[in-house]
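Engineer: Below is a structure I'd like to ask you about.
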Amino acid sequence: MLKIYNTLARDKQEFIPIIDKKVGMYVCGMTVYDYCHLGHARVMVVFDMIYRWFKISGYDITYVRNITDIDDKIIKRAAENGESIHALTQRFIDAMHQDADALGVLRPDHEPRATQFVPEMLDMIAKLEQHGLAYQAADGDVNYAVRKFDGYGKLSGKSLEDLRAGERVNVADSKHDPLDFVLWKSAKDSEAEEVKWASPWGKGRPGWHIECSAMGTKLLGERFDIHGGGADLQFPHHENEIAQSEGAHQHQYVNYWMHNGFINVDKEKMSKSLGNFFTIRDVLKKYDAEVVRFFILRAHYRSPLNYSDAHLDDAKGALTRLYTALKNAPPSSSVLLPGGEGSSLPSPFGGGAGGEGAAGEGIVDWNEPHAQRFQAAMDDDFNSAEAIAVLFEFANEVNRNPTLDNCAQFKALAGVLGLLQRDPVAFLQSGAPEDGLDDAVITAQITARIAAKQAKNYAEADNIRKALLAAGIVLEDSATGTTWRRA
RNA sequence: GGCGAGAUAGCAAAAUGGUUAUGCAGCGGAUUGCAAAUCCGUUCAUCCCAGUUCGAUUCUGGGUCUCGCCUCCA
């Protein structure tokens, strides 16, 4: 039985889909005016993990992650750069895809762009106006009348009175209530034609909140199963989405609301405004993408996750242990290590397939004890941290008993999380610095050391090993010869 | 000020009304020419104060501290 922590209920609940074995999931994606940072990486990786788990669990899931390609910041940035809105957003959409691909994040089934759904947004605003929930203010903006919607605050647990008490918003004169939010922004003369759409309320562009309501409804229906996003979107964004969608359709919008925790830096939320963010691409210059994915998945998705080099180093060391177990597998099992052809999923991290059939279902033996524990962990609100702990215990088993079955099962299980699908040696030897030794030099040094060892010249052999270690190369002698990896 | 989340060993991070989390680090042993890797064993913990209970880190109440939201934010 799959349980999900539902923010709306503030409790874990059994997941019951609207239509048996089908899932509609909408996740708030990026506003594309800059590169994605690690906080964005967490949303993508976390919901990718959830997406994969639904598939493996036999659900027919439709995953929508939107792209906000029209908003104040985009307009401002485009003007600064002297480029068109479209050119700017396309550039950062491409960059986002590169980053997501590197992290082994599968493409959602739909990635709707706000600018392609303006008619749907206008329809919804019209409905809200019919229900007396929207009004056009003196300045031309169409606003949502928050006080007219009874359930306002049910997701965030805030009451209008509480919000009033802590009022910090600049009161726009044109709003009936300071908490009303904009549905349609009236066009300004200074703005480019590119950001203006015709509407019954005059030229303008959509407010941010209506985008998600309209796209979610269009692609998943007036009512769907899961809506996710970062915890900071709970209020006001998701609260407003509920007000819009339920106001327009007069019935429940979403059954399960899921929110992932932040990435912190020195215990403070990583964010644009604080300026304490690291872009995915910058981090990937220093750390392997799979290490970053592992780092994110090793924590529970709702917990805060502190970012620092020390934490990434720790994650790297842990992932190295997992790959080392795979490396020590018998040669005969290496045939099935880089995954097979015909996978329905693109393979993360190049090389092997992420899994067979429904994302690994075909190769994991779910009756095997580790798999059972892994499944129980994942079914308990996607506890990937616990699932990874099972992986470590499995690694111990593989080290003690590296049979073909064990190795294949171990790798398949890790593949469920999009981990451990690369050739282990390739992983262990990856991450060469710019000025690092090339493989030929390393191999030559190893050969020289073997010769020294055979001549019982251990001082020389140790010197070679020390020199390589200083260059970040760790040698490991075994019965079958000497191998190396990068520290 | 209002609302919400959280405080677990040296670090990171799960879970649990009584029984080993897990990874790194430490300690002892096996293995190794010596290492590394691996294996075996092992030290170290549940913020404070009450209450419920045979028994609480886990439940309840209070306190302290931290973080988040209340403004765009993943």
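By convention here, the chains of the structure tokens are called A, B, ... in the order presented, each chain's residues are numbered starting at 1, and ligands are numbered starting at 1 in the order presented.
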Using only C-alpha atoms (C1' of nucleotides), which residues sit within 10 Å of stretch 76-81 of chain A once same-chain residues fewer than 4 positions away are excluded, as a PyMOL selection string?
Structural biologist: chain A and resi 33-34+71-72+85-89+191-192
Engineer: Residues of chain B within 8 Å of chain A, counting only C-alpha atoms (C1' of nucleotides) - could you list those as a PDB file with N, CA and C atoms (P, O5', C5', C4', C3', O3' and C1' of nucleotides), in the first residue's frame?
Structural biologist:
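Produced file part-v2.pdb, reproduced below:
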```pdb
ATOM      1  P     G B   1       6.716  37.872  19.107  1.00  0.00           P
ATOM      2  O5'   G B   1       5.424  38.299  18.257  1.00  0.00           O
ATOM      3  C5'   G B   1       4.332  39.007  18.845  1.00  0.00           C
ATOM      4  C4'   G B   1       3.255  39.152  17.813  1.00  0.00           C
ATOM      5  C3'   G B   1       2.799  37.844  17.183  1.00  0.00           C
ATOM      6  O3'   G B   1       1.817  37.206  17.971  1.00  0.00           O
ATOM      7  C1'   G B   1       3.259  39.399  15.474  1.00  0.00           C
ATOM      8  P     G B   2       1.746  35.601  18.012  1.00  0.00           P
ATOM      9  O5'   G B   2       1.072  35.281  16.615  1.00  0.00           O
ATOM     10  C5'   G B   2      -0.305  35.598  16.381  1.00  0.00           C
ATOM     11  C4'   G B   2      -0.692  35.148  14.995  1.00  0.00           C
ATOM     12  C3'   G B   2      -0.396  33.692  14.681  1.00  0.00           C
ATOM     13  O3'   G B   2      -1.429  32.837  15.151  1.00  0.00           O
ATOM     14  C1'   G B   2       0.425  35.023  12.926  1.00  0.00           C
ATOM     15  P     C B   3      -1.028  31.361  15.633  1.00  0.00           P
ATOM     16  O5'   C B   3      -0.683  30.622  14.272  1.00  0.00           O
ATOM     17  C5'   C B   3      -1.694  30.413  13.291  1.00  0.00           C
ATOM     18  C4'   C B   3      -1.079  29.865  12.033  1.00  0.00           C
ATOM     19  C3'   C B   3      -0.239  28.600  12.207  1.00  0.00           C
ATOM     20  O3'   C B   3      -1.033  27.430  12.289  1.00  0.00           O
ATOM     21  C1'   C B   3       0.932  30.126  10.839  1.00  0.00           C
ATOM     22  P     G B   4      -0.446  26.174  13.135  1.00  0.00           P
ATOM     23  O5'   G B   4       0.737  25.650  12.217  1.00  0.00           O
ATOM     24  C5'   G B   4       0.457  25.049  10.958  1.00  0.00           C
ATOM     25  C4'   G B   4       1.736  24.809  10.202  1.00  0.00           C
ATOM     26  C3'   G B   4       2.743  23.867  10.838  1.00  0.00           C
ATOM     27  O3'   G B   4       2.391  22.510  10.664  1.00  0.00           O
ATOM     28  C1'   G B   4       3.863  25.736   9.950  1.00  0.00           C
ATOM     29  P     A B  12      26.003  17.639  10.667  1.00  0.00           P
ATOM     30  O5'   A B  12      25.589  16.544   9.585  1.00  0.00           O
ATOM     31  C5'   A B  12      25.795  16.806   8.199  1.00  0.00           C
ATOM     32  C4'   A B  12      25.409  15.588   7.381  1.00  0.00           C
ATOM     33  C3'   A B  12      23.972  15.105   7.500  1.00  0.00           C
ATOM     34  O3'   A B  12      23.075  15.898   6.756  1.00  0.00           O
ATOM     35  C1'   A B  12      25.443  13.264   7.512  1.00  0.00           C
ATOM     36  P     A B  13      21.542  16.057   7.239  1.00  0.00           P
ATOM     37  O5'   A B  13      20.975  14.567   7.159  1.00  0.00           O
ATOM     38  C5'   A B  13      20.876  13.891   5.905  1.00  0.00           C
ATOM     39  C4'   A B  13      20.468  12.459   6.147  1.00  0.00           C
ATOM     40  C3'   A B  13      19.147  12.303   6.901  1.00  0.00           C
ATOM     41  O3'   A B  13      18.075  12.341   5.982  1.00  0.00           O
ATOM     42  C1'   A B  13      20.806  10.932   7.896  1.00  0.00           C
ATOM     43  P     A B  14      16.571  12.324   6.487  1.00  0.00           P
ATOM     44  O5'   A B  14      16.343  10.756   6.641  1.00  0.00           O
ATOM     45  C5'   A B  14      15.323  10.283   7.477  1.00  0.00           C
ATOM     46  C4'   A B  14      15.323   8.786   7.405  1.00  0.00           C
ATOM     47  C3'   A B  14      14.293   8.131   8.319  1.00  0.00           C
ATOM     48  O3'   A B  14      13.047   8.053   7.675  1.00  0.00           O
ATOM     49  C1'   A B  14      16.396   7.108   8.639  1.00  0.00           C
ATOM     50  P     A B  21      21.015   0.868  16.437  1.00  0.00           P
ATOM     51  O5'   A B  21      20.412   0.791  14.966  1.00  0.00           O
ATOM     52  C5'   A B  21      21.256   0.961  13.834  1.00  0.00           C
ATOM     53  C4'   A B  21      20.450   0.628  12.601  1.00  0.00           C
ATOM     54  C3'   A B  21      21.257   0.595  11.313  1.00  0.00           C
ATOM     55  O3'   A B  21      21.879  -0.661  11.129  1.00  0.00           O
ATOM     56  C1'   A B  21      19.288   1.868  11.001  1.00  0.00           C
ATOM     57  P     U B  22      23.414  -0.693  10.655  1.00  0.00           P
ATOM     58  O5'   U B  22      23.409   0.213   9.346  1.00  0.00           O
ATOM     59  C5'   U B  22      22.827  -0.247   8.131  1.00  0.00           C
ATOM     60  C4'   U B  22      22.891   0.850   7.107  1.00  0.00           C
ATOM     61  C3'   U B  22      24.259   1.512   6.978  1.00  0.00           C
ATOM     62  O3'   U B  22      25.147   0.745   6.182  1.00  0.00           O
ATOM     63  C1'   U B  22      22.614   3.178   7.124  1.00  0.00           C
ATOM     64  P     G B  23      26.703   0.787   6.487  1.00  0.00           P
ATOM     65  O5'   G B  23      27.150   2.188   5.870  1.00  0.00           O
ATOM     66  C5'   G B  23      27.065   2.386   4.462  1.00  0.00           C
ATOM     67  C4'   G B  23      27.478   3.795   4.141  1.00  0.00           C
ATOM     68  C3'   G B  23      28.806   4.232   4.751  1.00  0.00           C
ATOM     69  O3'   G B  23      29.918   3.769   4.011  1.00  0.00           O
ATOM     70  C1'   G B  23      27.191   5.907   5.109  1.00  0.00           C
ATOM     71  P     C B  24      31.273   3.504   4.736  1.00  0.00           P
ATOM     72  O5'   C B  24      31.772   4.967   5.125  1.00  0.00           O
ATOM     73  C5'   C B  24      32.137   5.900   4.103  1.00  0.00           C
ATOM     74  C4'   C B  24      32.447   7.238   4.726  1.00  0.00           C
ATOM     75  C3'   C B  24      33.519   7.232   5.805  1.00  0.00           C
ATOM     76  O3'   C B  24      34.831   7.202   5.269  1.00  0.00           O
ATOM     77  C1'   C B  24      31.684   8.527   6.523  1.00  0.00           C
ATOM     78  P     G B  33      51.425 -10.509   0.490  1.00  0.00           P
ATOM     79  O5'   G B  33      52.326  -9.602   1.430  1.00  0.00           O
ATOM     80  C5'   G B  33      53.331 -10.194   2.233  1.00  0.00           C
ATOM     81  C4'   G B  33      54.336  -9.161   2.607  1.00  0.00           C
ATOM     82  C3'   G B  33      53.761  -7.870   3.188  1.00  0.00           C
ATOM     83  O3'   G B  33      53.524  -8.022   4.571  1.00  0.00           O
ATOM     84  C1'   G B  33      55.372  -7.349   1.544  1.00  0.00           C
ATOM     85  P     A B  36      45.005   1.203   4.540  1.00  0.00           P
ATOM     86  O5'   A B  36      44.312   1.267   3.104  1.00  0.00           O
ATOM     87  C5'   A B  36      44.374   2.462   2.311  1.00  0.00           C
ATOM     88  C4'   A B  36      43.875   2.157   0.927  1.00  0.00           C
ATOM     89  C3'   A B  36      42.502   1.493   0.876  1.00  0.00           C
ATOM     90  O3'   A B  36      41.470   2.444   0.928  1.00  0.00           O
ATOM     91  C1'   A B  36      44.003   0.290  -0.484  1.00  0.00           C
ATOM     92  P     A B  37      40.117   2.104   1.685  1.00  0.00           P
ATOM     93  O5'   A B  37      39.513   0.894   0.847  1.00  0.00           O
ATOM     94  C5'   A B  37      38.927   1.136  -0.436  1.00  0.00           C
ATOM     95  C4'   A B  37      38.588  -0.177  -1.094  1.00  0.00           C
ATOM     96  C3'   A B  37      37.686  -1.099  -0.278  1.00  0.00           C
ATOM     97  O3'   A B  37      36.319  -0.768  -0.421  1.00  0.00           O
ATOM     98  C1'   A B  37      39.520  -2.329  -1.083  1.00  0.00           C
ATOM     99  P     U B  38      35.337  -1.010   0.824  1.00  0.00           P
ATOM    100  O5'   U B  38      35.373  -2.588   0.985  1.00  0.00           O
ATOM    101  C5'   U B  38      34.836  -3.437  -0.025  1.00  0.00           C
ATOM    102  C4'   U B  38      35.087  -4.872   0.334  1.00  0.00           C
ATOM    103  C3'   U B  38      34.620  -5.300   1.715  1.00  0.00           C
ATOM    104  O3'   U B  38      33.233  -5.583   1.736  1.00  0.00           O
ATOM    105  C1'   U B  38      36.808  -6.086   1.384  1.00  0.00           C
ATOM    106  P     C B  39      32.413  -5.350   3.084  1.00  0.00           P
ATOM    107  O5'   C B  39      32.852  -6.630   3.934  1.00  0.00           O
ATOM    108  C5'   C B  39      32.600  -7.938   3.441  1.00  0.00           C
ATOM    109  C4'   C B  39      33.244  -8.947   4.351  1.00  0.00           C
ATOM    110  C3'   C B  39      32.897  -8.792   5.827  1.00  0.00           C
ATOM    111  O3'   C B  39      31.661  -9.398   6.141  1.00  0.00           O
ATOM    112  C1'   C B  39      35.235  -9.041   5.598  1.00  0.00           C
ATOM    113  P     C B  67      17.937  30.220  12.220  1.00  0.00           P
ATOM    114  O5'   C B  67      17.020  29.449  11.171  1.00  0.00           O
ATOM    115  C5'   C B  67      17.598  28.527  10.262  1.00  0.00           C
ATOM    116  C4'   C B  67      16.514  27.746   9.573  1.00  0.00           C
ATOM    117  C3'   C B  67      15.458  28.565   8.845  1.00  0.00           C
ATOM    118  O3'   C B  67      15.913  29.037   7.588  1.00  0.00           O
ATOM    119  C1'   C B  67      14.403  26.856  10.080  1.00  0.00           C
ATOM    120  P     G B  68      15.249  30.336   6.974  1.00  0.00           P
ATOM    121  O5'   G B  68      13.833  29.799   6.482  1.00  0.00           O
ATOM    122  C5'   G B  68      13.765  28.808   5.482  1.00  0.00           C
ATOM    123  C4'   G B  68      12.339  28.360   5.309  1.00  0.00           C
ATOM    124  C3'   G B  68      11.343  29.451   4.979  1.00  0.00           C
ATOM    125  O3'   G B  68      11.364  29.769   3.611  1.00  0.00           O
ATOM    126  C1'   G B  68      10.460  28.072   6.669  1.00  0.00           C
ATOM    127  P     C B  69      10.977  31.240   3.148  1.00  0.00           P
ATOM    128  O5'   C B  69       9.401  31.247   3.355  1.00  0.00           O
ATOM    129  C5'   C B  69       8.570  30.428   2.534  1.00  0.00           C
ATOM    130  C4'   C B  69       7.141  30.579   2.963  1.00  0.00           C
ATOM    131  C3'   C B  69       6.643  32.013   3.074  1.00  0.00           C
ATOM    132  O3'   C B  69       6.304  32.564   1.816  1.00  0.00           O
ATOM    133  C1'   C B  69       5.995  30.827   4.993  1.00  0.00           C
ATOM    134  P     C B  70       6.508  34.117   1.624  1.00  0.00           P
ATOM    135  O5'   C B  70       5.376  34.718   2.559  1.00  0.00           O
ATOM    136  C5'   C B  70       4.009  34.405   2.312  1.00  0.00           C
ATOM    137  C4'   C B  70       3.149  35.024   3.369  1.00  0.00           C
ATOM    138  C3'   C B  70       3.306  36.527   3.555  1.00  0.00           C
ATOM    139  O3'   C B  70       2.559  37.209   2.562  1.00  0.00           O
ATOM    140  C1'   C B  70       3.219  35.448   5.661  1.00  0.00           C
ATOM    141  P     U B  71       2.960  38.664   2.082  1.00  0.00           P
ATOM    142  O5'   U B  71       3.652  38.291   0.698  1.00  0.00           O
ATOM    143  C5'   U B  71       3.315  39.040  -0.495  1.00  0.00           C
ATOM    144  C4'   U B  71       4.563  39.305  -1.267  1.00  0.00           C
ATOM    145  C3'   U B  71       5.348  38.046  -1.674  1.00  0.00           C
ATOM    146  O3'   U B  71       4.837  37.410  -2.851  1.00  0.00           O
ATOM    147  C1'   U B  71       6.811  39.671  -0.806  1.00  0.00           C
ATOM    148  P     C B  73       6.443  33.009  -7.383  1.00  0.00           P
ATOM    149  O5'   C B  73       7.856  32.470  -6.876  1.00  0.00           O
ATOM    150  C5'   C B  73       8.722  31.737  -7.735  1.00  0.00           C
ATOM    151  C4'   C B  73      10.065  31.646  -7.074  1.00  0.00           C
ATOM    152  C3'   C B  73      10.391  30.312  -6.390  1.00  0.00           C
ATOM    153  O3'   C B  73      11.182  29.438  -7.173  1.00  0.00           O
ATOM    154  C1'   C B  73      10.967  32.164  -5.020  1.00  0.00           C
ATOM    155  P     A B  74      11.508  29.304  -8.644  1.00  0.00           P
ATOM    156  O5'   A B  74      11.821  27.748  -8.540  1.00  0.00           O
ATOM    157  C5'   A B  74      10.975  26.809  -9.131  1.00  0.00           C
ATOM    158  C4'   A B  74      10.628  25.752  -8.088  1.00  0.00           C
ATOM    159  C3'   A B  74       9.912  26.330  -6.890  1.00  0.00           C
ATOM    160  O3'   A B  74       8.519  26.355  -7.099  1.00  0.00           O
ATOM    161  C1'   A B  74      11.682  24.913  -6.203  1.00  0.00           C
TER     162        A B  74
END
```
Engineer: Show which residues sit within 10 Å of stretch 142-153 of chain A, as JSON, numbers by chain. Count only C-alpha atoms (C1' of nucleotides), and ignore same-chain residues fewer than 4 positions away.
Structural biologist: {"A": [125, 128, 129, 131, 132, 133, 134, 135, 136, 137, 138, 157, 158, 159, 160, 162, 163, 174, 175, 176, 177, 178, 179, 180, 181, 182, 183, 184, 185, 186, 201, 202, 204, 206, 207, 235, 236, 238, 239, 240, 242, 243, 244, 246, 247]}
Engineer: With C-alpha atoms retained, export the selected residues as a PDB file, in the first residue's frame.
Structural biologist:
```pdb
ATOM      1  CA  ILE A 125     -10.778  33.886 -15.672  1.00  0.00           C
ATOM      2  CA  LEU A 128     -14.262  33.134 -12.159  1.00  0.00           C
ATOM      3  CA  GLU A 129     -15.845  36.392 -13.199  1.00  0.00           C
ATOM      4  CA  HIS A 131     -18.976  33.182 -10.278  1.00  0.00           C
ATOM      5  CA  GLY A 132     -18.298  36.601  -8.850  1.00  0.00           C
ATOM      6  CA  LEU A 133     -14.773  35.688  -7.829  1.00  0.00           C
ATOM      7  CA  ALA A 134     -12.929  37.983 -10.186  1.00  0.00           C
ATOM      8  CA  TYR A 135     -13.218  41.685 -10.936  1.00  0.00           C
ATOM      9  CA  GLN A 136     -11.464  44.166 -13.123  1.00  0.00           C
ATOM     10  CA  ALA A 137      -9.904  46.946 -11.102  1.00  0.00           C
ATOM     11  CA  ALA A 138      -9.547  50.580 -12.028  1.00  0.00           C
ATOM     12  CA  GLY A 157      -3.294  26.715   7.259  1.00  0.00           C
ATOM     13  CA  LYS A 158      -3.516  30.461   7.182  1.00  0.00           C
ATOM     14  CA  SER A 159      -6.621  32.468   7.763  1.00  0.00           C
ATOM     15  CA  LEU A 160      -7.309  35.751   6.051  1.00  0.00           C
ATOM     16  CA  ASP A 162      -3.877  36.010  10.257  1.00  0.00           C
ATOM     17  CA  LEU A 163      -2.567  37.137   6.927  1.00  0.00           C
ATOM     18  CA  SER A 174      -6.888  49.193  -7.056  1.00  0.00           C
ATOM     19  CA  LYS A 175      -7.420  45.950  -5.151  1.00  0.00           C
ATOM     20  CA  HIS A 176     -10.602  45.446  -3.172  1.00  0.00           C
ATOM     21  CA  ASP A 177      -8.597  43.583  -0.587  1.00  0.00           C
ATOM     22  CA  PRO A 178      -4.839  43.726  -0.169  1.00  0.00           C
ATOM     23  CA  LEU A 179      -4.675  39.943  -0.373  1.00  0.00           C
ATOM     24  CA  ASP A 180      -6.380  39.767  -3.747  1.00  0.00           C
ATOM     25  CA  PHE A 181      -4.006  38.552  -6.410  1.00  0.00           C
ATOM     26  CA  VAL A 182      -3.793  39.325 -10.083  1.00  0.00           C
ATOM     27  CA  LEU A 183      -5.229  37.013 -12.728  1.00  0.00           C
ATOM     28  CA  TRP A 184      -4.644  39.210 -15.745  1.00  0.00           C
ATOM     29  CA  LYS A 185      -2.108  42.003 -15.900  1.00  0.00           C
ATOM     30  CA  SER A 186      -3.151  44.890 -18.005  1.00  0.00           C
ATOM     31  CA  TRP A 201     -10.459  42.750 -20.379  1.00  0.00           C
ATOM     32  CA  GLY A 202      -8.107  44.395 -22.810  1.00  0.00           C
ATOM     33  CA  GLY A 204      -2.364  42.095 -21.190  1.00  0.00           C
ATOM     34  CA  PRO A 206      -1.584  36.268 -17.393  1.00  0.00           C
ATOM     35  CA  GLY A 207      -0.725  36.362 -13.722  1.00  0.00           C
ATOM     36  CA  PHE A 235       1.601  29.874  -0.041  1.00  0.00           C
ATOM     37  CA  PRO A 236       0.552  31.835  -1.882  1.00  0.00           C
ATOM     38  CA  HIS A 238      -0.761  26.700  -4.434  1.00  0.00           C
ATOM     39  CA  GLU A 239      -3.323  28.314  -2.183  1.00  0.00           C
ATOM     40  CA  ASN A 240      -4.209  30.585  -5.072  1.00  0.00           C
ATOM     41  CA  ILE A 242      -6.919  26.047  -5.300  1.00  0.00           C
ATOM     42  CA  ALA A 243      -8.926  29.241  -5.104  1.00  0.00           C
ATOM     43  CA  GLN A 244      -8.862  29.596  -8.893  1.00  0.00           C
ATOM     44  CA  GLU A 246     -12.114  25.251  -7.239  1.00  0.00           C
ATOM     45  CA  GLY A 247     -13.681  28.638  -7.732  1.00  0.00           C
TER      46      GLY A 247
END
```
Engineer: Near B:C40, counting only C-alpha atoms (C1' of nucleotides), which residues have an atom at most 12 Å away, once you skip same-chain residues fewer than 2 positions from it, shown as a ChimeraX atom specification?
Structural biologist: /A:400 /B:28-31,38,42
Engineer: Fewer than 6 positions away in the same chain doesn't count, so skip those; otherwise give me all residues within 9 Å of A:Met124, counting only C-alpha atoms (C1' of nucleotides), as a list in words.
Structural biologist: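 That gives Ile210, Ser213, Ala214, Gln244, Ser245, Ala248 and His249 of chain A.
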Engineer: Keeping only N, CA and C atoms, write those residues as a short mmCIF file (atom, residue, chain, number, x, y, z; two decimals), in the first residue's frame.
Structural biologist:
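What landed in selection33.cif:
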```
data_model
loop_
_atom_site.label_atom_id
_atom_site.label_comp_id
_atom_site.auth_asym_id
_atom_site.auth_seq_id
_atom_site.Cartn_x
_atom_site.Cartn_y
_atom_site.Cartn_z
N ILE A 210 -2.57 31.75 -12.34
CA ILE A 210 -3.57 31.21 -13.26
C ILE A 210 -2.94 30.25 -14.27
N SER A 213 -3.08 26.67 -12.87
CA SER A 213 -4.45 26.18 -12.81
C SER A 213 -4.94 25.78 -14.20
N ALA A 214 -4.66 26.64 -15.16
CA ALA A 214 -5.16 26.40 -16.52
C ALA A 214 -4.45 25.21 -17.17
N GLN A 244 -8.50 29.40 -7.48
CA GLN A 244 -8.86 29.60 -8.89
C GLN A 244 -9.61 28.38 -9.44
N SER A 245 -8.99 27.21 -9.27
CA SER A 245 -9.56 26.02 -9.90
C SER A 245 -10.86 25.60 -9.23
N ALA A 248 -13.50 28.16 -10.09
CA ALA A 248 -14.00 28.06 -11.47
C ALA A 248 -14.86 26.83 -11.68
N HIS A 249 -14.45 25.71 -11.07
CA HIS A 249 -15.14 24.45 -11.35
C HIS A 249 -16.10 24.02 -10.25
#
```
Engineer: Within stretch 246-481 of chain A, find each residue whose DSSP state, derived from the backbone, is helix (DSSP H, G or I), and express the selection as a count of residues only.
Structural biologist: 120
Engineer: Could you tell me how far atom CA of A:Lys55 sits from atom CA of A:Val364, in Å to one decimal place?
Structural biologist: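 Interatomic distance, atom CA of A:Val364 to atom CA of A:Lys55: 13.4 Å.
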Engineer: Tell me, as a ChimeraX atom specification, which residues lie within 12 Å of A:Ala289, counting only C-alpha atoms (C1' of nucleotides); anything in the same chain fewer than 6 positions away does not count.
Structural biologist: /A:38,41,45,98-105,280-283,295-296,312,315-316,319,348-350,418-420,422,427,430-431
Engineer: Determine, counting only C-alpha atoms (C1' of nucleotides), which protein, DNA and RNA residues have an atom within 12 Å of an atom of B:G61; residues of the same chain fewer than 4 positions away are not included. Present the result as a PyMOL selection string.
Structural biologist: chain B and resi 49-52
Engineer: Per DSSP on the backbone, what are the strand (DSSP E) residues of stretch 206-355 of chain A, as JSON, numbers by chain?
Structural biologist: {"A": [206, 224, 225, 226, 227, 228, 229, 230, 254, 255, 256, 257, 258, 259, 260, 263, 264, 265, 268, 269, 305, 306]}
Engineer: Please report the interatomic distance between atom CA of A:Met96 and atom CA of A:Tyr301 in Å with one decimal.
Structural biologist: 20.8 Å
